[in-house]
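Q: Take this structure first; my questions come after.
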Amino acid sequence: MNWLGHIAAQNKLADKGNTLLPIPGSAKTVRPDNVVTDGPYTEIKEFISGYIIVRVENIEEAVELAKSNPIFKIGGNIEVREVLKRN
Amino acid sequence: MQQNSISPETILPHLFRQEYTKITAVLCRYFGLRHIETAEDIASETFLKASENWAVNGVPISPTAWLYTVAKNKAKDYFKHLAVFETQVKKELPTETEQESHTFEFDIKIIADSQLAMIFAVCNPTNSTETQICLALQILCGFSVEEIANAFLTKTETIKKRLQRARNNLRNENFQIRELGATDVQQRLDIVLKTLYLLFNEGYFSKTNNKLIRKELCAEAVRLTLVLIKNQLTNTPQTNALLALMCFQSSRLEARINDNGEVVLFEQQDTNLWDQTLIEKGNYYLVNACDGQGISKYHLEAGIAYWHTTLANETKWPHILQLYNQLILLEYSPVTALNRTFAFARVYGNEKAIHEAEQLKLTENSYYHGLLGHLYTNIDFEKAINHYQMAVELTKSKTEKQTLTKEIERIKEKQIG
């Protein structure tokens, strides 16, 4: 919460995003030919736990903001991606 | 006629504040907002007659009933005698109000409904914030142009111009003064709450040193919010949260400003001066505000204000910080960002908070420099003084300048000692 507040206080939070539930039954993967499997967890080691959208000048600034996220304390990592705004 | 033992001089100013706006609102129900000046004239004449009559005959047993009867008769006379009515006004009045117009009633329900509708009429989204508050003070609170100018530390001419524009909007919009409908509430409740919130803040963070004016502005905001609480449609969780916020803040009004009109910082306030009754009322409305249907900025601000009414303990500042975190996610504002950093400092220490504060980059904001000055005080004297000096330069408020200059002097003393 402090991390989000820290970004919002700089007026750089464009969208507080959502947290993806990390519990069984809360995820399905749909594959070609109507194959549906549980979660993404069974197939890959990592799963996405949430996202936010920040408003910054460049990707380096976004990386700086990401550095103070508490997820690193529990072994997580953060992927920073540029968003192409849909019209 | 039976008489009251109170003298007209003591009761009239008090009654004027309370009843002038009510009478105007009720008359506007019959005349339409287009003719608000006529309604105001009749309300003024009513009070003029009261001051003349009561000085000779004494104050009647029920002064308000007396006022309503006189206002009613004056309104009837107005319709009866004025030829203008037949030629100009009548054709502009919609037919449904025409029937009502000759039977003026001043019962409790009509007064309450008209007052509430008037609040909604005044809170027009097209007005600027400042204009909105001026108009509210004049029409809803019965302030004179001079009183408003005093409260804003602005020239009467400026206020007059502002009011003129706003009143034109009000007349032309043709908002109906009648029992409020669900659509009105849906469309305007947000802006109504915001106006009352700003009205309160105008008193609480006022530019003027005059303690009396400040208290009065806050009290008026509370009174108008109570009008909303009394109506089922407007008695929403948000309204309750706003009222809770006002109660908590008001509880410290006495402690917050000293007799010279200077602001007393939170830490230096005499907690004995905090009004416990108001704190309890705040608690009551805050509980009412929580129905599990989501929270507004008023909920969060009331939550923060609640924690400020408690004495220092371990959980106080972490709670306040979390509430600020939520508040800043809901709506960014420089003030919230700075207040959040202050709470952050109380939880994690000044050094970490300096790092946090400097990233806000609000270099044109006097509070930004005030905060940095405060955070640097025991860490770096030079930087603390520099920031405080910048704050002094940037602030427009005289009181603020005084408070900041005092801080600079204190640091300089420490520096030497």
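Residues are referred to by chain and number: the chain letter is A, B, ... according to the order shown in the structure tokens, the number counts from 1 in that chain, and ligands are numbered separately from 1 in the order shown.
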Using only C-alpha atoms, determine which residues of chain B fall within 7 Å of chain A; present them as a PyMOL selection string.
A: chain B and resi 325+328-329+332+337+359-360
Q: Please, could you write that set of residues out with N, CA and C atoms as a compact mmCIF listing (two decimals), in the first residue's frame?
A:
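Output contents, as saved in part.txt:
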# COMPACT_ATOMS: atom_id res chain seq x y z
N ASN B 325 -2.68 6.78 2.06
CA ASN B 325 -2.38 5.96 0.87
C ASN B 325 -3.65 5.73 0.06
N ILE B 328 -4.89 9.10 -1.62
CA ILE B 328 -4.13 9.55 -2.78
C ILE B 328 -4.42 8.66 -4.00
N LEU B 329 -4.80 7.42 -3.75
CA LEU B 329 -5.19 6.54 -4.87
C LEU B 329 -6.53 6.98 -5.45
N TYR B 332 -5.64 12.38 -6.75
CA TYR B 332 -4.36 13.05 -6.48
C TYR B 332 -4.60 14.52 -6.17
N ALA B 337 -0.72 14.64 -1.12
CA ALA B 337 0.62 14.06 -1.27
C ALA B 337 1.53 14.54 -0.14
N GLN B 359 10.87 13.67 -3.95
CA GLN B 359 10.39 13.11 -5.21
C GLN B 359 9.05 13.72 -5.65
N LEU B 360 8.40 14.44 -4.74
CA LEU B 360 7.10 15.03 -5.11
C LEU B 360 7.29 16.21 -6.06
Q: By how many Å are CA of Asp291 (chain B) and CA of Leu242 (chain B) apart?
A: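 So the two atoms, CA of Asp291 (chain B) and CA of Leu242 (chain B), lie 14.5 Å apart.
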Q: Just the strand (DSSP E) stuff from chain A, please, per backbone DSSP, written as an MDAnalysis selection string.
A: chainID A and resid 13:19 28:31 35:38 50:54
Q: Could you pull the residues within 10 Å of Glu79 (chain A), counting only C-alpha atoms, minus those fewer than 6 positions along the same chain, as a list in words?
A: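 Contacts, in chain order: Ile48, Tyr51, Val63 and Ala66 of chain A.
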Q: Include C-alpha atoms and write out the residues we just selected as a PDB file, in the first residue's frame.
A:
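For reference, out_6.pdb as written:
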ATOM      1  CA  ILE A  48       1.369 -12.720 -12.584  1.00  0.00           C
ATOM      2  CA  TYR A  51      -0.453  -4.880 -12.554  1.00  0.00           C
ATOM      3  CA  VAL A  63      12.092   1.112 -13.633  1.00  0.00           C
ATOM      4  CA  ALA A  66       9.495  -0.499  -9.704  1.00  0.00           C
TER       5      ALA A  66
END
Q: So the first atom is CA of Asn231 (chain B) and the second is CA of Leu196 (chain B); what is the distance between them in Å, to one decimal place?
A: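 These atoms are spaced 16.0 Å apart.
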Q: Going by DSSP on the backbone, which bits of chain A are helix (DSSP H, G or I)? Write them as a PyMOL selection string, please.
A: chain A and resi 2-9+32-34+59-67+70-74
Q: Output N, CA, C and O atoms of each residue in that selection to a file, as a tab-separated table (two decimals), in the first residue's frame.
A:
chain	number	residue	atom	x	y	z
A	2	ASN	N	1.96	1.22	0.79
A	2	ASN	CA	2.87	2.37	0.80
A	2	ASN	C	3.47	2.60	-0.58
A	2	ASN	O	3.68	3.73	-0.99
A	3	TRP	N	3.75	1.47	-1.27
A	3	TRP	CA	4.39	1.60	-2.58
A	3	TRP	C	3.45	2.29	-3.57
A	3	TRP	O	3.85	3.19	-4.28
A	4	LEU	N	2.21	1.85	-3.57
A	4	LEU	CA	1.21	2.47	-4.46
A	4	LEU	C	1.03	3.95	-4.09
A	4	LEU	O	0.97	4.82	-4.95
A	5	GLY	N	0.93	4.20	-2.78
A	5	GLY	CA	0.76	5.57	-2.30
A	5	GLY	C	1.94	6.44	-2.72
A	5	GLY	O	1.77	7.59	-3.12
A	6	HIS	N	3.12	5.86	-2.65
A	6	HIS	CA	4.37	6.55	-3.02
A	6	HIS	C	4.30	6.98	-4.50
A	6	HIS	O	4.70	8.10	-4.84
A	7	ILE	N	3.78	6.12	-5.36
A	7	ILE	CA	3.68	6.46	-6.79
A	7	ILE	C	2.57	7.48	-7.02
A	7	ILE	O	2.74	8.47	-7.73
A	8	ALA	N	1.45	7.25	-6.35
A	8	ALA	CA	0.31	8.16	-6.51
A	8	ALA	C	0.65	9.55	-5.99
A	8	ALA	O	0.21	10.56	-6.55
A	9	ALA	N	1.46	9.62	-4.93
A	9	ALA	CA	1.81	10.92	-4.34
A	9	ALA	C	2.64	11.75	-5.32
A	9	ALA	O	2.68	12.97	-5.21
A	32	PRO	N	-5.99	-23.53	-27.84
A	32	PRO	CA	-6.69	-23.84	-29.08
A	32	PRO	C	-7.53	-25.11	-28.96
A	32	PRO	O	-7.26	-25.94	-28.09
A	33	ASP	N	-8.49	-25.26	-29.78
A	33	ASP	CA	-9.38	-26.43	-29.82
A	33	ASP	C	-10.16	-26.61	-28.52
A	33	ASP	O	-10.38	-27.75	-28.07
A	34	ASN	N	-10.55	-25.52	-27.91
A	34	ASN	CA	-11.38	-25.57	-26.70
A	34	ASN	C	-10.78	-26.37	-25.54
A	34	ASN	O	-11.51	-26.97	-24.76
A	59	ILE	N	10.96	4.83	-19.91
A	59	ILE	CA	10.92	3.52	-19.24
A	59	ILE	C	11.87	3.48	-18.04
A	59	ILE	O	11.59	2.80	-17.04
A	60	GLU	N	12.96	4.27	-18.09
A	60	GLU	CA	13.90	4.29	-16.95
A	60	GLU	C	13.20	4.79	-15.69
A	60	GLU	O	13.42	4.29	-14.60
A	61	GLU	N	12.34	5.80	-15.86
A	61	GLU	CA	11.63	6.34	-14.71
A	61	GLU	C	10.71	5.28	-14.12
A	61	GLU	O	10.59	5.16	-12.90
A	62	ALA	N	10.08	4.50	-14.99
A	62	ALA	CA	9.20	3.43	-14.52
A	62	ALA	C	10.01	2.38	-13.78
A	62	ALA	O	9.58	1.85	-12.75
A	63	VAL	N	11.22	2.09	-14.29
A	63	VAL	CA	12.09	1.11	-13.63
A	63	VAL	C	12.44	1.60	-12.23
A	63	VAL	O	12.39	0.84	-11.27
A	64	GLU	N	12.73	2.90	-12.11
A	64	GLU	CA	13.04	3.46	-10.79
A	64	GLU	C	11.90	3.24	-9.81
A	64	GLU	O	12.11	2.88	-8.66
A	65	LEU	N	10.68	3.47	-10.29
A	65	LEU	CA	9.51	3.28	-9.42
A	65	LEU	C	9.37	1.82	-9.02
A	65	LEU	O	9.04	1.50	-7.87
A	66	ALA	N	9.66	0.93	-9.96
A	66	ALA	CA	9.49	-0.50	-9.70
A	66	ALA	C	10.46	-0.98	-8.62
A	66	ALA	O	10.14	-1.86	-7.82
A	67	LYS	N	11.64	-0.34	-8.58
A	67	LYS	CA	12.68	-0.81	-7.66
A	67	LYS	C	12.27	-0.86	-6.20
A	67	LYS	O	12.79	-1.66	-5.43
A	70	PRO	N	7.72	-3.91	-2.74
A	70	PRO	CA	8.06	-4.90	-1.71
A	70	PRO	C	8.09	-6.35	-2.22
A	70	PRO	O	8.54	-7.23	-1.48
A	71	ILE	N	7.66	-6.61	-3.45
A	71	ILE	CA	7.60	-8.00	-3.94
A	71	ILE	C	8.99	-8.65	-3.97
A	71	ILE	O	9.12	-9.86	-3.82
A	72	PHE	N	10.05	-7.82	-4.09
A	72	PHE	CA	11.40	-8.37	-4.15
A	72	PHE	C	11.77	-9.09	-2.85
A	72	PHE	O	12.57	-10.02	-2.85
A	73	LYS	N	11.16	-8.64	-1.76
A	73	LYS	CA	11.45	-9.24	-0.46
A	73	LYS	C	11.01	-10.70	-0.40
A	73	LYS	O	11.54	-11.49	0.36
A	74	ILE	N	10.01	-11.05	-1.22
A	74	ILE	CA	9.55	-12.45	-1.19
A	74	ILE	C	9.94	-13.18	-2.49
A	74	ILE	O	9.34	-14.18	-2.85
Q: Please list as a PyMOL selection string every residue within 9 Å of Leu327 (chain B), counting only C-alpha atoms and excluding residues in the same chain fewer than 2 positions away.
A: (chain A and resi 5) or (chain B and resi 296-297+300-301+322-325+329-332+336+340)
Q: Under the rule that only C-alpha atoms are counted, which of B:Ile177, B:Leu198, B:Leu404, B:Leu273 is the nearest residue to Glu130 (chain B)?
A: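 Of the candidates, the smallest distance to Glu130 (chain B) is held by B:Leu198.
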Q: Extract, using only C-alpha atoms, all DNA, RNA and protein residues at most 12 Å from Ala219 (chain B), discarding same-chain residues fewer than 2 positions from it, and format them as number ranges by chain.
A: B: 17, 137, 141, 196-197, 199-204, 212-217, 221-226, 243, 246-247, 249-251, 253, 278
Q: Can you work out the spacing between CA of Gln268 (chain B) and CA of Trp317 (chain B) in Å, to one decimal?
A: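 For CA of Gln268 (chain B) relative to CA of Trp317 (chain B), the distance reads 17.4 Å.
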Q: For Val26 (chain B), work out the shell of residues within 8 Å, counting only C-alpha atoms and skipping chain neighbours fewer than 2 positions away, then give it as a PyMOL selection string.
A: chain B and resi 22-24+28-30+106+110-111+114-115
Q: Pick out the residues sitting within 12 Å of Ala39 (chain B), and hand them over as a list in words; count only C-alpha atoms, and ignore anything fewer than 4 positions along from it in its own chain.
A: Tyr20, Thr21, Lys22, Ile23, Thr24, Ala25, Val26, Leu27, Cys28, Arg29, Tyr30, Phe31, Gly32, Leu33, Arg34, His35, Ala43, Ser44, Glu45, Thr46, Ala71, Lys72, Lys74, Ala75, Lys76, Tyr78, Phe79 and Ile139 of chain B
